[in-house]
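One file, model.cif, is given below (mmCIF, C-alpha atoms).
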data_input
#
loop_
_atom_site.label_atom_id
_atom_site.label_comp_id
_atom_site.auth_asym_id
_atom_site.auth_seq_id
_atom_site.Cartn_x
_atom_site.Cartn_y
_atom_site.Cartn_z
CA ASP D 1 35.92 9.20 11.08
CA LEU D 2 33.33 8.94 8.31
CA ALA D 3 34.77 11.91 6.40
CA ASP D 4 38.24 10.33 6.21
CA ALA D 5 36.75 7.00 5.15
CA ALA D 6 34.67 8.69 2.45
CA ARG D 7 37.71 10.48 1.00
CA ALA D 8 39.74 7.27 0.94
CA LEU D 9 36.96 5.34 -0.77
CA ALA D 10 36.42 8.11 -3.33
CA ALA D 11 40.11 7.99 -4.22
CA ALA D 12 39.79 4.21 -4.76
CA ASP D 13 36.85 4.67 -7.19
CA VAL D 14 34.27 3.19 -4.79
CA ASP D 15 30.58 4.15 -4.85
CA VAL D 16 30.71 6.48 -1.87
CA ASP D 17 27.16 7.76 -2.38
CA ALA D 18 25.72 4.28 -1.88
CA ILE D 19 27.66 3.74 1.35
CA PHE D 20 27.31 7.16 2.99
CA ALA D 21 23.87 8.17 1.74
CA HIS D 22 22.21 10.85 3.90
CA THR D 23 25.14 11.05 6.33
CA HIS D 24 25.65 14.77 5.62
CA GLU D 25 22.00 15.49 6.46
CA LEU D 26 22.32 13.46 9.66
CA LEU D 27 25.43 15.38 10.69
CA ALA D 28 23.78 18.75 10.09
CA LEU D 29 20.66 17.69 12.01
CA HIS D 30 22.57 16.53 15.07
CA ARG D 31 24.74 19.60 15.17
CA GLN D 32 21.62 21.75 15.36
CA PHE D 33 19.91 19.41 17.81
CA SER D 34 22.99 19.25 20.04
CA MET D 35 23.21 23.05 20.15
CA ARG D 36 19.59 23.25 21.24
CA ILE D 37 20.06 20.67 24.01
CA GLN D 38 23.16 22.45 25.32
CA TYR D 39 21.34 25.80 25.31
CA ILE D 40 18.37 24.35 27.25
CA ALA D 41 20.64 22.57 29.76
CA ALA D 42 22.42 25.87 30.56
CA MET D 43 19.15 27.51 31.63
CA PRO D 44 17.60 27.31 35.12
CA LEU D 45 15.59 24.18 35.84
CA ALA D 46 12.29 26.04 35.74
CA ALA D 47 13.07 27.16 32.16
CA GLN D 48 14.43 23.85 30.81
CA LEU D 49 11.69 23.09 28.28
CA LEU D 50 13.00 20.05 26.43
CA GLY D 51 10.07 20.01 24.05
CA ALA D 52 11.51 23.10 22.38
CA ALA D 53 14.49 21.03 21.19
CA TYR D 54 12.21 19.16 18.76
CA ALA D 55 10.25 22.22 17.65
CA GLY D 56 10.30 22.46 13.86
CA LEU D 57 12.54 19.38 13.45
CA ASP D 58 9.90 16.72 12.87
CA ALA D 59 10.37 16.83 9.11
CA ARG D 60 14.16 16.88 9.40
CA PHE D 61 14.16 13.78 11.62
CA ASP D 62 12.62 11.93 8.68
CA VAL D 63 16.14 11.71 7.26
CA TYR D 64 16.48 8.73 9.60
CA SER D 65 13.72 7.00 7.66
CA ALA D 66 15.60 7.46 4.40
CA PHE D 67 18.88 6.40 6.01
CA CYS D 68 17.41 3.20 7.48
CA ALA D 69 15.55 2.35 4.26
CA ARG D 70 18.82 2.38 2.30
CA ARG D 71 20.77 0.42 4.88
CA GLU D 72 20.66 -2.81 2.85
CA GLN D 73 22.13 -1.11 -0.24
CA SER D 74 24.74 0.55 1.94
CA GLN D 75 25.81 -2.78 3.44
CA ARG D 76 26.18 -4.38 0.01
CA ALA D 77 28.31 -1.51 -1.28
CA LEU D 78 30.34 -1.60 1.92
CA ALA D 79 31.05 -5.31 1.46
CA ARG D 80 32.43 -4.64 -2.04
CA ALA D 81 34.70 -1.92 -0.64
CA GLN D 82 36.04 -4.07 2.19
CA PRO D 83 39.59 -4.41 0.75
CA VAL D 84 39.99 -0.62 0.76
CA LEU D 85 38.45 -0.26 4.21
CA GLN D 86 40.88 -2.73 5.73
CA GLN D 87 43.72 -0.38 4.86
CA LEU D 88 42.08 2.44 6.82
CA GLY D 89 42.17 0.49 10.08
CA GLY D 90 38.79 1.79 11.32
CA ASP D 91 35.47 0.02 11.65
CA VAL D 92 33.17 1.75 9.18
CA HIS D 93 30.34 -0.69 9.99
CA ALA D 94 30.32 0.57 13.59
CA LEU D 95 30.41 4.20 12.45
CA LEU D 96 27.40 3.72 10.19
CA LEU D 97 25.55 2.00 13.01
CA ARG D 98 25.95 4.89 15.46
CA PRO D 99 23.16 7.10 14.01
CA VAL D 100 20.67 4.24 14.38
CA GLN D 101 21.84 3.55 17.93
CA ARG D 102 21.59 7.24 18.81
CA LEU D 103 18.01 7.46 17.56
CA ALA D 104 17.04 4.49 19.76
CA GLN D 105 18.80 6.01 22.79
CA TYR D 106 16.88 9.31 22.73
CA PRO D 107 13.59 7.85 24.07
CA LEU D 108 15.49 6.02 26.83
CA LEU D 109 17.34 9.15 27.92
CA LEU D 110 14.22 11.31 27.83
CA GLN D 111 12.26 8.67 29.75
CA GLY D 112 14.90 8.82 32.47
CA ILE D 113 14.61 12.62 32.57
CA VAL D 114 10.83 12.42 32.86
CA ASP D 115 11.06 9.89 35.68
CA ALA D 116 13.58 12.04 37.54
CA LEU D 117 11.42 15.17 37.15
CA CYS D 118 8.33 13.38 38.41
CA ALA D 119 10.22 11.96 41.40
CA SER D 120 11.65 15.37 42.30
CA CYS D 121 8.29 17.10 41.95
CA ALA D 122 6.65 14.63 44.32
CA ALA D 123 8.98 15.79 47.12
CA LEU D 124 8.27 19.52 46.54
CA PRO D 125 5.59 21.63 48.23
CA PRO D 126 2.31 21.99 46.30
CA ALA D 127 3.07 25.59 45.33
CA THR D 128 6.41 24.63 43.81
CA GLN D 129 4.91 21.61 42.08
CA ALA D 130 2.53 23.84 40.13
CA ALA D 131 5.51 25.82 38.83
CA ARG D 132 7.22 22.63 37.62
CA VAL D 133 4.23 21.23 35.75
CA HIS D 134 5.11 22.98 32.47
CA VAL D 135 8.66 21.58 32.66
CA VAL D 136 7.36 18.03 33.03
CA ARG D 137 4.84 18.50 30.23
CA SER D 138 7.56 19.81 27.92
CA ALA D 139 9.71 16.76 28.74
CA TYR D 140 6.77 14.51 27.87
CA ARG D 141 6.40 16.29 24.52
CA ALA D 142 10.07 15.69 23.79
CA LEU D 143 9.68 12.02 24.75
CA HIS D 144 6.67 11.67 22.45
CA ALA D 145 8.53 13.33 19.56
CA SER D 146 11.53 11.02 20.00
CA LYS D 147 9.30 7.93 19.97
CA GLN D 148 7.54 9.12 16.83
CA ALA D 149 10.87 9.62 15.04
CA LEU D 150 11.96 6.11 16.04
CA THR D 151 8.64 4.63 14.91
CA ARG D 152 8.86 6.31 11.50
CA ALA D 153 12.40 4.98 11.03
CA ASN D 154 11.29 1.45 11.97
CA GLU D 155 8.36 1.63 9.58
CA SER D 156 10.58 2.77 6.71
CA THR D 157 12.99 -0.09 7.42
CA ARG D 158 10.13 -2.58 7.51
CA ALA D 159 8.70 -1.19 4.25
CA ALA D 160 12.08 -1.52 2.51
CA ASP D 161 12.47 -5.09 3.79
CA ASN D 162 8.95 -5.99 2.68
CA ALA D 163 9.58 -4.58 -0.80
CA ALA D 164 12.70 -6.72 -1.10
CA GLN D 165 10.83 -9.81 0.15
CA HIS D 166 8.02 -9.15 -2.35
CA ALA D 167 10.50 -8.98 -5.24
CA LEU D 168 12.19 -12.17 -4.03
CA LEU D 169 8.84 -13.94 -3.82
CA LEU D 170 7.98 -13.01 -7.41
CA ALA D 171 11.38 -14.30 -8.55
CA ARG D 172 11.05 -17.65 -6.72
CA LEU D 173 7.36 -18.39 -7.24
CA ASP D 174 6.54 -20.93 -9.95
CA ALA D 175 3.46 -18.91 -10.92
CA PRO D 176 4.31 -15.25 -10.19
CA GLU D 177 0.93 -14.08 -11.45
CA LEU D 178 -0.62 -15.52 -8.27
CA ALA D 179 1.10 -12.80 -6.24
CA HIS D 180 0.03 -9.95 -8.51
CA GLY D 181 -2.76 -7.64 -7.44
CA CYS D 182 -2.37 -8.53 -3.76
CA GLY D 183 -1.39 -5.01 -2.73
CA ARG D 184 1.43 -4.02 -0.43
CA LEU D 185 3.28 -6.68 1.55
CA LEU D 186 2.65 -6.17 5.27
CA THR D 187 4.74 -8.93 6.82
CA SER D 188 6.21 -12.34 6.06
CA GLY D 189 8.12 -15.11 7.75
CA PRO D 190 8.61 -18.85 8.18
CA VAL D 191 5.70 -20.72 9.76
CA SER D 192 4.52 -24.24 10.41
CA ALA D 193 1.30 -24.35 8.40
CA GLN D 194 -1.37 -27.00 8.41
CA THR D 195 -1.84 -28.90 5.14
CA SER D 196 -3.69 -32.01 4.07
CA ALA D 197 -0.70 -34.10 5.22
CA GLY D 198 -0.34 -32.35 8.56
CA PHE D 199 1.83 -29.47 9.66
CA ALA D 200 4.80 -28.71 7.43
CA PRO D 201 7.38 -25.90 7.23
CA ALA D 202 6.30 -23.11 4.91
CA GLU D 203 6.60 -19.39 4.34
CA ALA D 204 3.66 -17.04 4.81
CA PHE D 205 3.22 -13.68 3.09
CA LEU D 206 0.51 -11.31 4.26
CA PHE D 207 -0.53 -8.72 1.69
CA GLU D 208 -3.20 -6.09 1.95
CA ARG D 209 -5.61 -8.23 -0.09
CA ALA D 210 -4.44 -11.82 0.40
CA LEU D 211 -2.60 -14.20 2.71
CA LEU D 212 -0.34 -16.60 0.78
CA VAL D 213 1.35 -19.75 2.10
CA VAL D 214 4.12 -21.13 -0.09
CA ALA D 215 6.55 -24.03 0.23
CA ALA D 216 9.49 -25.42 -1.68
CA ALA D 217 8.45 -26.82 -5.04
CA ASP D 218 9.45 -30.27 -6.18
CA ALA D 219 12.83 -30.19 -7.91
CA PRO D 220 12.82 -31.03 -11.64
CA ARG D 221 14.04 -34.46 -12.65
CA ALA D 222 17.12 -33.03 -14.43
CA ALA D 223 18.11 -31.10 -11.29
CA ARG D 224 17.78 -34.24 -9.18
CA ILE D 225 20.04 -36.14 -11.60
CA ARG D 226 22.62 -33.37 -11.45
CA ARG D 227 22.70 -33.38 -7.65
CA THR D 228 23.06 -37.18 -7.60
CA LEU D 229 25.97 -37.13 -10.03
CA ASP D 230 27.61 -34.27 -8.14
CA SER D 231 27.55 -36.40 -5.01
CA LEU D 232 29.24 -39.23 -6.92
CA ARG D 233 31.87 -37.04 -8.51
CA ALA D 234 33.93 -36.64 -5.33
CA PRO D 235 34.66 -40.40 -4.93
CA SER D 236 35.60 -40.64 -8.61
CA ARG D 237 38.15 -37.85 -8.14
CA ARG D 238 39.72 -39.76 -5.26
CA ARG D 239 40.00 -42.87 -7.44
CA ARG D 240 41.72 -40.88 -10.20
CA ARG D 241 44.25 -39.53 -7.70
CA ARG D 242 45.01 -43.09 -6.56
CA SER D 243 45.43 -44.14 -10.22
CA ALA D 244 47.99 -41.36 -10.76
CA ASP D 245 49.90 -42.51 -7.69
CA SER D 246 49.94 -46.12 -8.90
CA ALA D 247 51.26 -45.05 -12.35
CA SER D 248 54.36 -43.62 -10.70
CA LEU D 249 55.28 -47.01 -9.16
CA PRO D 250 57.95 -49.29 -10.80
CA ALA D 251 56.76 -51.77 -13.43
CA HIS D 252 57.44 -54.78 -11.18
CA SER D 253 55.49 -53.31 -8.28
CA PRO D 254 52.24 -55.05 -7.54
CA SER D 255 49.06 -53.19 -8.27
CA PRO D 256 47.56 -51.36 -5.35
CA PRO D 257 44.58 -53.08 -3.80
CA ARG D 258 42.18 -50.25 -4.80
CA ALA D 259 43.18 -49.38 -8.34
CA ALA D 260 41.23 -47.01 -10.56
CA THR D 261 38.60 -48.67 -12.73
CA GLY D 262 38.56 -46.19 -15.60
CA PHE D 263 34.99 -45.30 -14.72
CA ARG D 264 34.78 -41.53 -15.23
CA LEU D 265 31.77 -39.37 -14.49
CA PRO D 266 31.38 -36.32 -16.70
CA SER D 267 29.74 -33.12 -15.63
CA ILE D 268 26.04 -33.61 -16.15
CA ASP D 269 23.94 -30.44 -16.06
CA ALA D 270 20.22 -29.85 -16.13
CA GLY D 271 18.83 -30.18 -19.62
CA CYS D 272 21.62 -32.44 -20.93
CA ALA D 273 20.78 -35.77 -22.50
CA LEU D 274 22.32 -38.75 -20.76
CA THR D 275 22.93 -41.87 -22.87
CA LEU D 276 24.79 -45.11 -22.29
CA ALA D 277 27.09 -46.32 -25.09
CA SER D 278 27.06 -49.83 -23.61
CA PRO D 279 25.23 -51.66 -20.83
CA PRO D 280 26.40 -50.39 -17.44
CA LEU D 281 28.83 -52.52 -15.50
CA SER D 282 28.22 -53.45 -11.94
CA SER D 283 29.54 -50.94 -9.45
CA HIS D 284 31.18 -53.87 -7.64
CA ALA D 285 33.02 -55.25 -10.71
CA SER D 286 36.57 -56.31 -9.99
CA LEU D 287 39.64 -54.74 -11.53
CA ALA D 288 40.46 -57.96 -13.43
CA THR D 289 37.02 -58.02 -15.01
CA LEU D 290 37.37 -54.45 -16.23
CA ARG D 291 40.88 -55.10 -17.60
CA GLY D 292 39.61 -58.18 -19.39
CA ALA D 293 36.87 -56.14 -20.99
CA GLU D 294 39.44 -53.60 -22.19
CA ASP D 295 41.66 -56.39 -23.66
CA CYS D 296 38.73 -57.79 -25.63
CA GLY D 297 38.14 -54.42 -27.22
CA GLU D 298 34.89 -53.92 -25.44
CA LYS D 299 33.96 -50.44 -24.39
CA ALA D 300 33.68 -49.49 -20.81
CA VAL D 301 30.83 -47.39 -19.64
CA THR D 302 30.83 -44.04 -21.41
CA PHE D 303 28.50 -41.08 -21.35
CA ALA D 304 27.49 -38.86 -24.25
CA VAL D 305 26.69 -35.36 -23.08
CA GLU D 306 25.11 -32.92 -25.46
CA ASP D 307 26.54 -29.42 -25.41
CA CYS D 308 24.25 -27.04 -23.66
CA GLU D 309 24.55 -23.94 -21.57
CA LYS D 310 24.96 -24.60 -17.86
CA PRO D 311 22.29 -22.81 -15.86
CA GLU D 312 23.29 -20.67 -12.94
CA ASP D 313 22.69 -22.19 -9.54
CA ASP D 314 19.62 -20.74 -7.87
CA PRO D 315 20.55 -19.61 -4.35
CA LYS D 316 16.94 -20.02 -3.25
CA PRO D 317 14.69 -22.99 -4.04
CA ARG D 318 11.62 -22.50 -6.18
CA LEU D 319 8.34 -21.96 -4.34
CA ALA D 320 4.86 -23.27 -5.04
CA LEU D 321 1.61 -21.87 -3.70
CA ARG D 322 0.06 -24.13 -1.05
CA ALA D 323 -2.84 -22.00 0.22
CA ARG D 324 -4.42 -18.60 -0.26
CA ILE D 325 -7.09 -16.68 1.63
CA ASP D 326 -8.33 -13.30 0.49
CA THR D 327 -8.43 -10.82 3.35
CA ALA D 328 -11.83 -9.61 2.12
CA VAL D 329 -13.43 -12.89 3.28
CA VAL D 330 -11.61 -13.37 6.61
CA THR D 331 -14.17 -13.61 9.40
CA HIS D 332 -12.04 -13.99 12.54
CA VAL D 333 -8.52 -14.60 13.84
CA SER D 334 -7.87 -16.53 17.05
CA ALA D 335 -4.70 -17.28 19.00
CA ILE D 336 -4.52 -20.02 21.61
CA ALA D 337 -1.56 -21.27 23.64
CA ASP D 338 -0.30 -24.82 23.13
CA VAL D 339 1.03 -27.06 25.87
CA ASP D 340 4.63 -26.13 25.01
CA GLY D 341 3.96 -22.43 25.56
CA SER D 342 3.90 -21.48 21.89
CA LEU D 343 0.84 -19.99 20.23
CA ARG D 344 -1.40 -21.41 17.52
CA LEU D 345 -2.86 -18.80 15.18
CA THR D 346 -5.99 -19.54 13.14
CA VAL D 347 -7.12 -17.35 10.23
CA ALA D 348 -10.67 -18.38 9.34
CA ALA D 349 -12.86 -17.68 6.33
CA PRO D 350 -16.27 -19.12 5.37
CA ASP D 351 -14.80 -21.79 3.09
CA ALA D 352 -11.21 -22.17 4.32
CA ALA D 353 -8.93 -21.75 7.30
CA LEU D 354 -5.20 -21.49 7.86
CA VAL D 355 -3.53 -22.64 11.07
CA PHE D 356 0.00 -21.62 12.09
CA ARG D 357 1.57 -23.26 15.13
CA GLY D 358 4.80 -22.89 17.06
CA LEU D 359 4.67 -19.09 17.08
CA SER D 360 6.22 -17.02 19.84
CA ARG D 361 4.12 -14.35 21.49
CA GLU D 362 6.05 -11.65 19.66
CA ALA D 363 5.53 -13.32 16.27
CA ALA D 364 1.86 -14.01 16.95
CA GLY D 365 1.38 -10.42 18.07
CA LEU D 366 2.99 -9.11 14.88
CA TRP D 367 0.85 -11.33 12.66
CA THR D 368 -2.28 -10.31 14.57
CA ARG D 369 -1.51 -6.59 14.27
CA MET D 370 -0.83 -6.86 10.54
CA LEU D 371 -3.99 -8.92 10.02
CA ALA D 372 -5.96 -6.25 11.88
CA LEU D 373 -4.64 -3.70 9.40
CA ALA D 374 -5.56 -5.80 6.37
CA VAL D 375 -9.02 -7.03 7.37
CA PRO D 376 -9.69 -4.98 9.77
CA LEU D 377 -10.41 -6.77 13.05
CA VAL D 378 -11.82 -5.78 16.41
CA PRO D 379 -11.80 -7.65 19.76
CA ALA D 380 -14.70 -10.08 20.09
CA ALA D 381 -17.24 -9.90 22.90
CA ASP D 382 -16.23 -13.39 23.96
CA VAL D 383 -16.20 -14.02 27.69
CA ALA D 384 -13.45 -16.67 27.35
CA ALA D 385 -11.16 -14.19 25.55
CA ARG D 386 -11.43 -11.46 28.17
CA ASP D 387 -8.33 -10.95 30.31
CA ASN D 388 -6.96 -14.31 29.13
CA LEU D 389 -3.27 -14.40 28.19
CA ASN D 390 -3.65 -17.85 26.60
CA TYR D 391 -6.56 -17.08 24.30
CA SER D 392 -7.56 -14.14 22.14
CA LEU D 393 -10.23 -13.71 19.49
CA LEU D 394 -10.58 -10.96 16.91
CA VAL D 395 -13.57 -10.75 14.59
CA ARG D 396 -14.23 -8.74 11.50
CA ALA D 397 -15.63 -5.29 12.19
CA PRO D 398 -19.42 -5.20 11.62
CA ASN D 399 -19.22 -2.29 9.18
CA CYS D 400 -16.66 -4.22 7.03
CA ILE D 401 -18.73 -7.38 6.47
#
Would you write out, as structure tokens, the structure that this file holds?
Amino acid sequence: DLADAARALAAADVDVDAIFAHTHELLALHRQFSMRIQYIAAMPLAAQLLGAAYAGLDARFDVYSAFCARREQSQRALARAQPVLQQLGGDVHALLLRPVQRLAQYPLLLQGIVDALCASCAALPPATQAARVHVVRSAYRALHASKQALTRANESTRAADNAAQHALLLARLDAPELAHGCGRLLTSGPVSAQTSAGFAPAEAFLFERALLVVAAADAPRAARIRRTLDSLRAPSRRRRRRSADSASLPAHSPSPPRAATGFRLPSIDAGCALTLASPPLSSHASLATLRGAEDCGEKAVTFAVEDCEKPEDDPKPRLALRARIDTAVVTHVSAIADVDGSLRLTVAAPDAALVFRGLSREAAGLWTRMLALAVPLVPAADVAARDNLNYSLLVRAPNCI
């Protein structure tokens, strides 16, 4: 179990606190909650008030919020401890996932209990139904409390993910100062945004005060040279291997048809100066031509590479700002269905507009809800938008203009 895994990892000098953060609080909470459920289940049906199981535990269920918010750090620490965990033979990933699964199962179980109580009450005489009303109401209170606990955990997870995405945006943006002062990040994701050249893949970040659309920045010239030479380095290695094989042949053996040319590509990194010691030879020059050049004392193609520190490879490409709309000037947000079934979302302001296309209904709904929090927005009194699943229109609230 988790206790055995924690002891084994502690003996191996692994950061146990990062992996099993808040697990002791979760265990204590569920022991108390389980005892309450068992006590209520042992009582007569007329006295089974499930709402009492959550009484006074709202604050303690917030430990799920802290547990879910640290899940990313826990997974990273768990990946570093994988060699030790393989010796235990158990699946610690599955054990750490059980508390989250249990929290999501509570509303489903309580919803089933509420449905069963309502179905049984419908078949009872009116006098007996009145006696069961308080039992059904208590079950509804328990269902509401379980949904609130799940919502708080989801919000904490989303807030932790947004904080990580905000930090990553600042690290990748060419001009990080453009993302300062925008407030808290509400949501982000890949979109197909409209630009002057048409729709292009981009990433959108919705903050409390601004909506930013960024895309991959143009790679520097030195980085492009490095990638080109890296692509050429693999063929040169194959030629050197063939040259080594031909050197091991007897002296009277004929030369292989594809002998090495002596053309050697050095490692060229960004920021290094690339110079040619002599005019470059044709890439299709024959072996005899190159040997003749060597016999005449002429130099083959050589490269002079200045010593410089090799930069670390960036796992994510640099980003450049393509568009920005302040939420304070947004006038309306509309969503309309395209012919392929996807939705097209338009965020309009007096002097600019952003159009996202290819969104699913779930993604469009999330963007709309987050925009309503940032602006805020209210449904428009538009006849075409009423009871229409393919079109919706939200306008800025009158008191916020």
Q | Residues matched by the PyMOL selection byres ((chain D and resi 332) around 10) as a PyMOL selection string | A | chain D and resi 329-331+333-334+346-350+353+371-372+375-380+393-397
Could you write those residues out with C-alpha atoms, as a short mmCIF file (atom, residue, chain, number, x, y, z; two decimals), in the frame of the given file?
data_model
loop_
_atom_site.label_atom_id
_atom_site.label_comp_id
_atom_site.auth_asym_id
_atom_site.auth_seq_id
_atom_site.Cartn_x
_atom_site.Cartn_y
_atom_site.Cartn_z
CA VAL D 329 -13.43 -12.89 3.28
CA VAL D 330 -11.61 -13.37 6.61
CA THR D 331 -14.17 -13.61 9.40
CA VAL D 333 -8.52 -14.60 13.84
CA SER D 334 -7.87 -16.53 17.05
CA THR D 346 -5.99 -19.54 13.14
CA VAL D 347 -7.12 -17.35 10.23
CA ALA D 348 -10.67 -18.38 9.34
CA ALA D 349 -12.86 -17.68 6.33
CA PRO D 350 -16.27 -19.12 5.37
CA ALA D 353 -8.93 -21.75 7.30
CA LEU D 371 -3.99 -8.92 10.02
CA ALA D 372 -5.96 -6.25 11.88
CA VAL D 375 -9.02 -7.03 7.37
CA PRO D 376 -9.69 -4.98 9.77
CA LEU D 377 -10.41 -6.77 13.05
CA VAL D 378 -11.82 -5.78 16.41
CA PRO D 379 -11.80 -7.65 19.76
CA ALA D 380 -14.70 -10.08 20.09
CA LEU D 393 -10.23 -13.71 19.49
CA LEU D 394 -10.58 -10.96 16.91
CA VAL D 395 -13.57 -10.75 14.59
CA ARG D 396 -14.23 -8.74 11.50
CA ALA D 397 -15.63 -5.29 12.19
#
Q) With all atoms listed in the file as the atoms that count, which of D:Ala42, D:Val135, D:Arg98, D:Asp15 lies nearest to Ala79 in chain D? A)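 Counting all atoms listed in the file, the residue closest to Ala79 in chain D is D:Asp15.
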Q: Work out how far CA of Thr368 in chain D is from CA of Ala335 in chain D, in Å to one decimal.
A: 8.6 Å
Q | Target residues per the PyMOL selection byres ((chain D and resi 25-27) around 10), formatted as a PyMOL selection string | A | chain D and resi 21-24+28-33+60-64+67+99
Q: Taking the file as shown, find all residues satisfying the PyMOL selection byres ((chain D and resi 180-187) around 6) and write them as a VMD selection string.
A: chain D and resid 162 177 to 179 188 206 to 210
